[in-house]
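Take a look at the structure set out below.
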Amino acid sequence: MHNVSIRQHIVDRVVARRGDIHWFNELDPRKTALLIIDMQNTFCLPGAPGEVPTARDVVPEINDLVEKLRPFGVPIFWILHTNTLNDGISDWEVFFNHVVRNSDVRQRMVESLAPESQKVWDDLIVEDGDVTIIKNRYSAFAHGSSTLERVLRSRGIDTVLVGGTKTNVCCDSTARDAMMLDFKAVMVSDCCAASSDEEHLASLETFIQQFGDVMTSEEVIARIIRRNDAFEALG
């Protein structure tokens, strides 16, 4: 797990602008969903073409957060990445021809991201009633990438908690687009993994200034409890 904190000069800048480092003081469990991004073999398996070693390190934190959110009725979404290949042409040629254009890496990535190969990483606790959504771009909210936005809207969700890997790629892209679509977005810092502490921190520091909140899983649960208690007090 990344052992970094948002630097003080960033905190000071944010507090001077809005009076608080955090965007949200409460999180309504009735309108909140947890999105766990790309925790699958391509990124979690040792030696996989997209391996992010720290992704395995955040598994206990993700499982703990999921366990604590379930009693509040917060839906759990497992977002997995796949790409298709037809007649040798992928559904994302810019990625496969430029980001991973080394021929060996490209072939391994094509095989690893094939639709039939995808499932949630074995060490994560998935239960009946959880939702699995397939995406084919970094952001699950990118146009045509997935059905996520429609599914969330149909459930009355207006707040998304984002964890998974990579912090600075698919998690960040999904969370930023959520805010662009007028969802309240929270990056759960101890449930996100990047390839380095520096990349993880840079993403979170930019995100908290302009795109949404950054909280630890403990802070998330405290705000869920606070809102739930207030709701119950009103009958």
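Chain labels follow the order of the structure tokens: the first chain is A, the next B, and so on; residue numbering restarts at 1 in every chain, and ligands are counted from 1 in their shown order.
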Give me, as JSON lines, the closest atom pair and its distance (Å, one decimal) for every residue of stretch 26-91 of chain A within a cut-off of 12 Å of stretch 98-107 of chain A, counting only C-alpha atoms, rows sorted by chain and rising number.
{"residue": "A:Thr42", "atom": "CA", "partner": "A:Val105", "partner_atom": "CA", "distance": 12.0}
{"residue": "A:Gly47", "atom": "CA", "partner": "A:Val105", "partner_atom": "CA", "distance": 11.6}
{"residue": "A:Ala48", "atom": "CA", "partner": "A:Val105", "partner_atom": "CA", "distance": 9.9}
{"residue": "A:Pro49", "atom": "CA", "partner": "A:Val105", "partner_atom": "CA", "distance": 6.6}
{"residue": "A:Gly50", "atom": "CA", "partner": "A:Val105", "partner_atom": "CA", "distance": 9.1}
{"residue": "A:Glu51", "atom": "CA", "partner": "A:Val105", "partner_atom": "CA", "distance": 11.9}
{"residue": "A:Leu85", "atom": "CA", "partner": "A:Gln107", "partner_atom": "CA", "distance": 11.0}
{"residue": "A:Gly88", "atom": "CA", "partner": "A:Gln107", "partner_atom": "CA", "distance": 10.7}
{"residue": "A:Ile89", "atom": "CA", "partner": "A:Gln107", "partner_atom": "CA", "distance": 11.9}
{"residue": "A:Ser90", "atom": "CA", "partner": "A:Arg106", "partner_atom": "CA", "distance": 10.8}
Quiz item: So which residues touch stretch 137-143 of chain A within 10 Å, counting only C-alpha atoms, skipping near sequence neighbours fewer than 3 positions away, as a PyMOL selection string?
Solution: chain A and resi 35+37-38+79-83+91-92+95+133-134+146-150+166+169-178+180-181
Using N, CA, C and O atoms, can you write the selected residues to a file as a CSV table (one decimal), in the first residue's frame?
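Written file, part.csv:
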chain,number,residue,atom,x,y,z
A,35,LEU,N,-17.1,1.6,-6.6
A,35,LEU,CA,-16.6,1.1,-7.9
A,35,LEU,C,-15.1,0.7,-7.7
A,35,LEU,O,-14.2,1.5,-7.4
A,37,ILE,N,-12.0,-0.8,-9.7
A,37,ILE,CA,-11.6,-0.7,-11.0
A,37,ILE,C,-10.4,-1.7,-11.3
A,37,ILE,O,-9.4,-1.6,-10.7
A,38,ASP,N,-10.6,-2.6,-12.3
A,38,ASP,CA,-9.5,-3.3,-13.0
A,38,ASP,C,-8.8,-4.2,-12.1
A,38,ASP,O,-7.6,-4.5,-12.3
A,79,ILE,N,-15.5,-3.4,-11.8
A,79,ILE,CA,-15.4,-2.9,-13.1
A,79,ILE,C,-14.2,-3.6,-13.7
A,79,ILE,O,-13.0,-3.4,-13.3
A,80,LEU,N,-14.4,-4.3,-14.8
A,80,LEU,CA,-13.3,-5.1,-15.4
A,80,LEU,C,-13.0,-4.5,-16.9
A,80,LEU,O,-14.0,-4.2,-17.5
A,81,HIS,N,-11.8,-4.6,-17.3
A,81,HIS,CA,-11.4,-4.1,-18.6
A,81,HIS,C,-11.3,-5.2,-19.6
A,81,HIS,O,-10.6,-6.2,-19.3
A,82,THR,N,-11.9,-5.1,-20.8
A,82,THR,CA,-11.7,-6.1,-21.8
A,82,THR,C,-11.6,-5.3,-23.2
A,82,THR,O,-12.1,-4.2,-23.3
A,83,ASN,N,-10.9,-5.9,-24.1
A,83,ASN,CA,-10.9,-5.4,-25.5
A,83,ASN,C,-11.1,-6.6,-26.4
A,83,ASN,O,-10.6,-7.7,-26.2
A,91,ASP,N,-10.6,-3.3,-30.9
A,91,ASP,CA,-11.6,-2.2,-30.7
A,91,ASP,C,-11.0,-1.0,-30.1
A,91,ASP,O,-11.6,0.0,-29.8
A,92,TRP,N,-9.6,-0.9,-29.9
A,92,TRP,CA,-8.9,0.2,-29.4
A,92,TRP,C,-7.5,0.3,-30.0
A,92,TRP,O,-6.5,0.1,-29.3
A,95,PHE,N,-4.5,2.4,-28.5
A,95,PHE,CA,-3.9,1.9,-27.4
A,95,PHE,C,-2.9,0.7,-27.8
A,95,PHE,O,-1.7,0.7,-27.4
A,133,ILE,N,-19.3,-4.9,-14.2
A,133,ILE,CA,-19.5,-4.1,-15.4
A,133,ILE,C,-18.2,-4.2,-16.3
A,133,ILE,O,-17.1,-4.1,-15.7
A,134,ILE,N,-18.3,-4.4,-17.5
A,134,ILE,CA,-17.2,-4.5,-18.5
A,134,ILE,C,-17.0,-3.1,-19.2
A,134,ILE,O,-18.0,-2.6,-19.6
A,146,SER,N,-18.9,1.7,-21.5
A,146,SER,CA,-19.6,0.7,-20.6
A,146,SER,C,-21.0,1.2,-20.4
A,146,SER,O,-21.4,2.3,-20.8
A,147,THR,N,-21.8,0.4,-19.7
A,147,THR,CA,-23.2,0.7,-19.3
A,147,THR,C,-23.2,1.4,-17.9
A,147,THR,O,-24.3,1.6,-17.4
A,148,LEU,N,-22.1,1.7,-17.3
A,148,LEU,CA,-22.1,2.1,-15.9
A,148,LEU,C,-23.0,3.3,-15.6
A,148,LEU,O,-23.7,3.2,-14.6
A,149,GLU,N,-22.9,4.3,-16.4
A,149,GLU,CA,-23.7,5.5,-16.1
A,149,GLU,C,-25.1,5.2,-16.0
A,149,GLU,O,-25.8,5.6,-15.1
A,150,ARG,N,-25.7,4.4,-17.0
A,150,ARG,CA,-27.1,4.1,-17.0
A,150,ARG,C,-27.5,3.3,-15.9
A,150,ARG,O,-28.6,3.5,-15.3
A,166,LYS,N,-5.1,1.4,-12.2
A,166,LYS,CA,-4.1,2.2,-11.5
A,166,LYS,C,-4.8,3.5,-11.0
A,166,LYS,O,-5.6,4.0,-11.7
A,169,VAL,N,-4.5,6.2,-13.7
A,169,VAL,CA,-5.0,5.9,-15.1
A,169,VAL,C,-6.5,5.6,-15.0
A,169,VAL,O,-7.3,6.5,-15.2
A,170,CYS,N,-6.9,4.3,-14.8
A,170,CYS,CA,-8.3,4.0,-14.9
A,170,CYS,C,-9.1,4.5,-13.8
A,170,CYS,O,-10.3,4.9,-13.9
A,171,CYS,N,-8.5,4.5,-12.5
A,171,CYS,CA,-9.3,5.0,-11.4
A,171,CYS,C,-9.5,6.5,-11.6
A,171,CYS,O,-10.6,7.0,-11.4
A,172,ASP,N,-8.4,7.2,-11.9
A,172,ASP,CA,-8.5,8.7,-12.0
A,172,ASP,C,-9.4,9.0,-13.2
A,172,ASP,O,-10.2,10.0,-13.1
A,173,SER,N,-9.3,8.4,-14.3
A,173,SER,CA,-10.1,8.7,-15.5
A,173,SER,C,-11.6,8.5,-15.2
A,173,SER,O,-12.4,9.3,-15.6
A,174,THR,N,-11.9,7.4,-14.5
A,174,THR,CA,-13.3,7.1,-14.2
A,174,THR,C,-13.8,8.1,-13.2
A,174,THR,O,-14.9,8.6,-13.4
A,175,ALA,N,-13.1,8.4,-12.2
A,175,ALA,CA,-13.5,9.4,-11.2
A,175,ALA,C,-13.7,10.8,-11.7
A,175,ALA,O,-14.6,11.5,-11.4
A,176,ARG,N,-12.7,11.2,-12.6
A,176,ARG,CA,-12.8,12.5,-13.2
A,176,ARG,C,-14.1,12.6,-14.1
A,176,ARG,O,-14.8,13.6,-14.0
A,177,ASP,N,-14.3,11.6,-14.9
A,177,ASP,CA,-15.5,11.6,-15.8
A,177,ASP,C,-16.8,11.6,-15.0
A,177,ASP,O,-17.8,12.1,-15.4
A,178,ALA,N,-16.7,10.9,-13.8
A,178,ALA,CA,-17.9,10.9,-12.9
A,178,ALA,C,-18.3,12.3,-12.5
A,178,ALA,O,-19.4,12.7,-12.6
A,180,MET,N,-17.5,15.0,-14.1
A,180,MET,CA,-17.9,15.8,-15.3
A,180,MET,C,-19.4,15.5,-15.6
A,180,MET,O,-20.1,16.3,-16.2
A,181,LEU,N,-19.8,14.3,-15.2
A,181,LEU,CA,-21.2,13.9,-15.4
A,181,LEU,C,-22.1,14.3,-14.2
A,181,LEU,O,-23.3,13.8,-14.1
Quiz item: Which polymer residues have any atom within 9 Å of an atom of A:Asn168, counting only C-alpha atoms, with same-chain residues fewer than 6 positions away left out, as a PyMOL selection string?
Solution: chain A and resi 193-195+199-204
Please produce a file of the residues just selected, as a PDB file, in the first residue's frame, where the atoms kept are C-alpha atoms.
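This is the output file part.pdb:
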ATOM      1  CA  ALA A 193      -2.759   1.343  -6.369  1.00  0.00           C
ATOM      2  CA  ALA A 194      -0.323   2.827  -8.890  1.00  0.00           C
ATOM      3  CA  SER A 195       3.081   1.774 -10.189  1.00  0.00           C
ATOM      4  CA  GLU A 199       2.300   8.594  -9.537  1.00  0.00           C
ATOM      5  CA  HIS A 200      -0.257   7.701  -6.879  1.00  0.00           C
ATOM      6  CA  LEU A 201       0.297  10.954  -4.997  1.00  0.00           C
ATOM      7  CA  ALA A 202       0.339  13.169  -8.085  1.00  0.00           C
ATOM      8  CA  SER A 203      -3.034  11.805  -9.143  1.00  0.00           C
ATOM      9  CA  LEU A 204      -4.629  12.300  -5.730  1.00  0.00           C
TER      10      LEU A 204
END
A:Ser117: which residues within 9 Å, counting only C-alpha atoms, same-chain residues fewer than 5 positions away excluded, as a JSON list (two decimals) with C-alpha atoms, in the first residue's frame?
[["chain", "number", "residue", "atom", "x", "y", "z"],
["A", 41, "ASN", "CA", -5.42, -10.88, -13.72],
["A", 82, "THR", "CA", -11.66, -6.07, -21.84],
["A", 111, "GLU", "CA", -4.57, -12.16, -25.01],
["A", 112, "SER", "CA", -4.78, -10.97, -21.42]]
Practice problem: For atom CA of A:Arg223 and atom CA of A:Glu26, determine how far apart the two atoms are, in Å to one decimal place. | Solution: 4.6 Å
Self-check item: Residue set, stretch 10-226 of chain A restricted to strand (DSSP E or B), as an MDAnalysis selection string
Solution: chainID A and resid 32:37 40 76:81 85:86 89:90 120 131:135 159:165 184:193 213:215
Find the residues of stretch 86-203 of chain A that sit at most 10 Å from stretch 13-24 of chain A; for each, write down the nearest two atoms and how far apart they are in Å, to one decimal. Count only C-alpha atoms. Sort by chain, then by number going up, and give it as a tab-separated table.
residue	atom	partner	partner_atom	distance
A:Lys184	CA	A:Phe24	CA	8.5
A:Ala185	CA	A:Trp23	CA	9.3
A:Val186	CA	A:Trp23	CA	8.8
Practice problem: Compare A:Met1, A:Phe72, A:Asn86, A:Gly156 by their minimum atom-to-atom distance to A:Asp229, counting only C-alpha atoms, and give me the closest one. | Solution: A:Phe72
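Of the listed residues A:Ser189, A:Thr216, A:Gln118, A:Asn97, the one whose atoms come nearest to A:Thr165 is A:Ser189, with distances taken using only C-alpha atoms.
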Exercise. Give me every alpha helix (DSSP H) residue in stretch 34-235 of chain A, going by DSSP on the backbone, as a VMD selection string.
Key: chain A and resid 41 to 44 53 to 57 59 to 69 93 to 94 103 to 112 148 to 154 172 to 180 197 to 210 217 to 233
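Atom CA of A:Arg7 is positioned 16.3 Å from atom CA of A:Ser196.
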Exercise. Within 9 Å of stretch 120-123 of chain A, counting only C-alpha atoms, which residues show up once you throw out same-chain ones fewer than 3 positions away? Write them as a ChimeraX atom specification, please.
Key: /A:38-41,44-45,56,59-60,63,78-80,126,132
Suppose we keep N, CA and C atoms; can you now write the selection as an mmCIF file, in the first residue's frame?
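Here's the written file again_9.cif:
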data_model
loop_
_atom_site.group_PDB
_atom_site.id
_atom_site.type_symbol
_atom_site.label_atom_id
_atom_site.label_comp_id
_atom_site.auth_asym_id
_atom_site.auth_seq_id
_atom_site.Cartn_x
_atom_site.Cartn_y
_atom_site.Cartn_z
ATOM 1 N N ASP A 38 -10.621 -2.551 -12.348
ATOM 2 C CA ASP A 38 -9.536 -3.314 -12.983
ATOM 3 C C ASP A 38 -8.759 -4.238 -12.053
ATOM 4 N N MET A 39 -9.388 -4.720 -11.003
ATOM 5 C CA MET A 39 -8.731 -5.697 -10.132
ATOM 6 C C MET A 39 -8.943 -7.085 -10.739
ATOM 7 N N GLN A 40 -8.106 -7.402 -11.718
ATOM 8 C CA GLN A 40 -8.226 -8.613 -12.522
ATOM 9 C C GLN A 40 -6.824 -9.097 -12.866
ATOM 10 N N ASN A 41 -6.728 -10.264 -13.482
ATOM 11 C CA ASN A 41 -5.424 -10.885 -13.717
ATOM 12 C C ASN A 41 -4.449 -9.994 -14.475
ATOM 13 N N CYS A 44 -3.167 -7.683 -11.724
ATOM 14 C CA CYS A 44 -2.848 -8.203 -10.393
ATOM 15 C C CYS A 44 -1.938 -9.427 -10.402
ATOM 16 N N LEU A 45 -1.945 -10.191 -11.475
ATOM 17 C CA LEU A 45 -1.200 -11.439 -11.523
ATOM 18 C C LEU A 45 0.298 -11.179 -11.701
ATOM 19 N N ARG A 56 -1.963 -5.859 -5.543
ATOM 20 C CA ARG A 56 -2.174 -6.976 -4.607
ATOM 21 C C ARG A 56 -2.121 -6.487 -3.162
ATOM 22 N N VAL A 59 -5.548 -5.265 -1.636
ATOM 23 C CA VAL A 59 -6.664 -6.217 -1.548
ATOM 24 C C VAL A 59 -7.279 -6.260 -0.147
ATOM 25 N N PRO A 60 -6.490 -6.351 0.935
ATOM 26 C CA PRO A 60 -7.109 -6.376 2.273
ATOM 27 C C PRO A 60 -7.928 -5.124 2.573
ATOM 28 N N ASN A 63 -11.218 -5.353 0.571
ATOM 29 C CA ASN A 63 -12.125 -6.325 1.193
ATOM 30 C C ASN A 63 -12.728 -5.774 2.478
ATOM 31 N N TRP A 78 -17.874 -4.189 -9.535
ATOM 32 C CA TRP A 78 -16.549 -4.626 -9.965
ATOM 33 C C TRP A 78 -16.424 -4.287 -11.451
ATOM 34 N N ILE A 79 -15.535 -3.356 -11.762
ATOM 35 C CA ILE A 79 -15.382 -2.880 -13.134
ATOM 36 C C ILE A 79 -14.155 -3.560 -13.738
ATOM 37 N N LEU A 80 -14.364 -4.322 -14.804
ATOM 38 C CA LEU A 80 -13.281 -5.059 -15.450
ATOM 39 C C LEU A 80 -13.050 -4.539 -16.860
ATOM 40 N N VAL A 126 -16.268 -11.373 -3.499
ATOM 41 C CA VAL A 126 -17.423 -11.011 -4.325
ATOM 42 C C VAL A 126 -18.629 -11.811 -3.837
ATOM 43 N N THR A 132 -21.039 -6.729 -11.834
ATOM 44 C CA THR A 132 -19.824 -6.678 -12.649
ATOM 45 C C THR A 132 -20.129 -5.941 -13.946
#
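Closest approach to A:Glu198 among A:Val162, A:Pro29, A:Thr167, A:Ile221: A:Thr167, based on only C-alpha atoms.
Nearest-residue note for A:Asp213: choosing from A:Val110, A:Leu65, A:Gly164, A:Thr159, the minimum distance belongs to A:Thr159, counting only C-alpha atoms.
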